[in-house]
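Accompanying notes for the structure given below.
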Amino acid sequence: MLYSDKVMDHFMHPRNVGEIEDASATGTVGNPKCGDIMKIFLKIDGDVVSDVKFKTFGCGSAIATSSMATEMIKGKTIDEALELTNKAVAEALDGLPPVKMHCSLLAEQAVKAAFKEYFEAHGGIPEDKKKYFDVLDEDEHAVDEQ
C-alpha cells in the first residue's frame with residue numbers, strides 16, 4: 001500500500017495527541033471489524049474550539065486521520081468545525097488508499113460525536129445543526145467499497 005508523505009508524517013509525528021482533563025466534550029467511535037478506536041477531546045471557549053486532542057488505537061491511517069482532523073478544527077468556530085468531512089480529511093492528507101478511507105470517516109465521526117455530546121450538554125442540538133450528525137449512522141467500511 002502506498003501512503004502519501006503527509007499520511008506518513010501525521011503517523012510518525014501525530015499532532016494533538018493526548019487528553020484534555022477539563023474537556024468540554026468527548027466523542028468516541030470505533031469498529032470491532034477493523035479494531036480502530038478513536039476518542040476526540042474538545043475544549044470550547046465561547047464559540048471556538050480552543051483545544052483538541054485525540055487518542056487513537058489503530059493502524060497508521062487511523063492515527064494520521066485523527067491527527068489531521070484535529071489540526072483542521074483547532075482554532076475554528078463550532079460552525080466551521082462542523083463542516084469537517086471525511087473527504088476533506090483524506091484530501092488534506094493527499095489521499096488514502098481505498099481500503100483505508102474508513103479511517104477518515106471514523107475521524108469525522110469522532111469529531112461529530114464530541115460535538116453532539118457538547119450540544120446535548122448545552123440544551124440540545126439546534127435544528128439547523130442536526131444534519132451534521134447523520135454521519136454518525138454511516139458504516140465506515142461502506143466508504144472503502146466506493
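Residue numbering restarts at 1 in every chain; chains get A, B, ... in the order shown in the C-alpha cells, and ligands count up from 1 in that same order.
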- Task: Could you find all residues in chain A that DSSP calls alpha helix (DSSP H) from the backbone, and write them as a PyMOL selection string?
- Result: chain A and resi 5-12+60-73+78-82+86-92+101-121
Residues of stretch 38-139 of chain A at most 8 Å from stretch 26-30 of chain A: nearest atom pair and distance in Å, only C-alpha atoms, as JSON lines:
{"residue": "A:Met38", "atom": "CA", "partner": "A:Val29", "partner_atom": "CA", "distance": 5.5}
{"residue": "A:Lys39", "atom": "CA", "partner": "A:Thr28", "partner_atom": "CA", "distance": 4.3}
{"residue": "A:Ile40", "atom": "CA", "partner": "A:Gly27", "partner_atom": "CA", "distance": 5.2}
{"residue": "A:Phe41", "atom": "CA", "partner": "A:Thr26", "partner_atom": "CA", "distance": 4.5}
{"residue": "A:Leu42", "atom": "CA", "partner": "A:Thr26", "partner_atom": "CA", "distance": 6.1}
{"residue": "A:Leu106", "atom": "CA", "partner": "A:Val29", "partner_atom": "CA", "distance": 6.7}
{"residue": "A:Gln109", "atom": "CA", "partner": "A:Val29", "partner_atom": "CA", "distance": 6.8}
{"residue": "A:Ala110", "atom": "CA", "partner": "A:Gly27", "partner_atom": "CA", "distance": 5.1}
{"residue": "A:Val111", "atom": "CA", "partner": "A:Gly27", "partner_atom": "CA", "distance": 6.3}
{"residue": "A:Lys112", "atom": "CA", "partner": "A:Gly27", "partner_atom": "CA", "distance": 7.3}
{"residue": "A:Ala113", "atom": "CA", "partner": "A:Gly27", "partner_atom": "CA", "distance": 4.5}
{"residue": "A:Ala114", "atom": "CA", "partner": "A:Gly27", "partner_atom": "CA", "distance": 3.7}
{"residue": "A:Phe115", "atom": "CA", "partner": "A:Gly27", "partner_atom": "CA", "distance": 7.5}
{"residue": "A:Glu117", "atom": "CA", "partner": "A:Thr26", "partner_atom": "CA", "distance": 6.8}
{"residue": "A:Tyr118", "atom": "CA", "partner": "A:Thr26", "partner_atom": "CA", "distance": 7.8}
Looking at only C-alpha atoms, which of A:Asp47, A:Lys6, A:Gly75, A:Asp139 is the one that sits closest to A:Val89?
->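 Residue with the minimum atom-to-atom distance to A:Val89: A:Lys6.
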- request: For A:Phe119, please output as a list in words all residues within 12 Å (counting only C-alpha atoms; exclusion window: fewer than 6 positions along the same chain).
  value: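 Here the qualifying residues turn out to be Ser24, Ala25, Thr26, Gly27, Ile44, Asp47, Ile78, Leu82, Lys112, Ala113, Ile125, Pro126, Glu127, Lys129, Lys130, Tyr132 and Phe133 of chain A.
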Can those selected residues be exported to a file as a compact mmCIF listing (two decimals), in the first residue's frame so that it contains N, CA and C atoms?
# COMPACT_ATOMS: atom_id res chain seq x y z
N SER A 24 -14.58 20.08 27.23
CA SER A 24 -15.97 20.49 27.10
C SER A 24 -16.83 19.33 26.62
N ALA A 25 -16.21 18.42 25.86
CA ALA A 25 -16.92 17.24 25.36
C ALA A 25 -15.91 16.25 24.81
N THR A 26 -16.35 15.00 24.74
CA THR A 26 -15.54 13.95 24.13
C THR A 26 -16.42 13.14 23.20
N GLY A 27 -15.79 12.55 22.22
CA GLY A 27 -16.50 11.67 21.30
C GLY A 27 -15.66 10.44 21.04
N ILE A 44 -13.92 23.95 24.30
CA ILE A 44 -14.61 25.00 23.57
C ILE A 44 -14.74 26.22 24.48
N ASP A 47 -17.38 30.30 21.30
CA ASP A 47 -17.82 29.58 20.11
C ASP A 47 -16.63 28.99 19.34
N ILE A 78 -17.30 26.71 16.10
CA ILE A 78 -18.07 25.47 16.09
C ILE A 78 -18.67 25.25 14.70
N LEU A 82 -17.83 22.04 12.32
CA LEU A 82 -18.89 21.09 11.94
C LEU A 82 -18.87 20.78 10.45
N LYS A 112 -17.63 14.60 15.25
CA LYS A 112 -19.07 14.89 15.31
C LYS A 112 -19.68 14.32 16.59
N ALA A 113 -19.20 13.15 17.05
CA ALA A 113 -19.70 12.58 18.30
C ALA A 113 -19.39 13.51 19.47
N ILE A 125 -29.26 19.67 20.45
CA ILE A 125 -28.72 20.00 19.13
C ILE A 125 -29.68 20.97 18.44
N PRO A 126 -29.18 22.15 18.05
CA PRO A 126 -30.04 23.08 17.31
C PRO A 126 -30.54 22.43 16.01
N GLU A 127 -31.73 22.77 15.65
CA GLU A 127 -32.36 22.17 14.46
C GLU A 127 -31.49 22.31 13.21
N LYS A 129 -28.41 22.34 12.97
CA LYS A 129 -27.14 21.60 13.07
C LYS A 129 -27.34 20.09 13.01
N LYS A 130 -28.57 19.62 13.08
CA LYS A 130 -28.83 18.18 13.13
C LYS A 130 -28.30 17.42 11.92
N TYR A 132 -25.54 17.62 10.49
CA TYR A 132 -24.13 17.27 10.63
C TYR A 132 -23.92 15.94 11.36
N PHE A 133 -24.94 15.47 12.03
CA PHE A 133 -24.79 14.27 12.84
C PHE A 133 -25.33 13.01 12.17
Out of A:Ala62, A:Leu2, A:Met12, A:Val48, which residue has the shortest atom-to-atom distance to A:His102 when counting only C-alpha atoms?
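Nearest to A:His102: A:Ala62.
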Return the single residue from A:Gly46, A:Pro14, A:Pro32, A:Gly60 that is closest to A:Pro97, with distances computed using only C-alpha atoms.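 Closest residue, counting only C-alpha atoms: A:Gly60.
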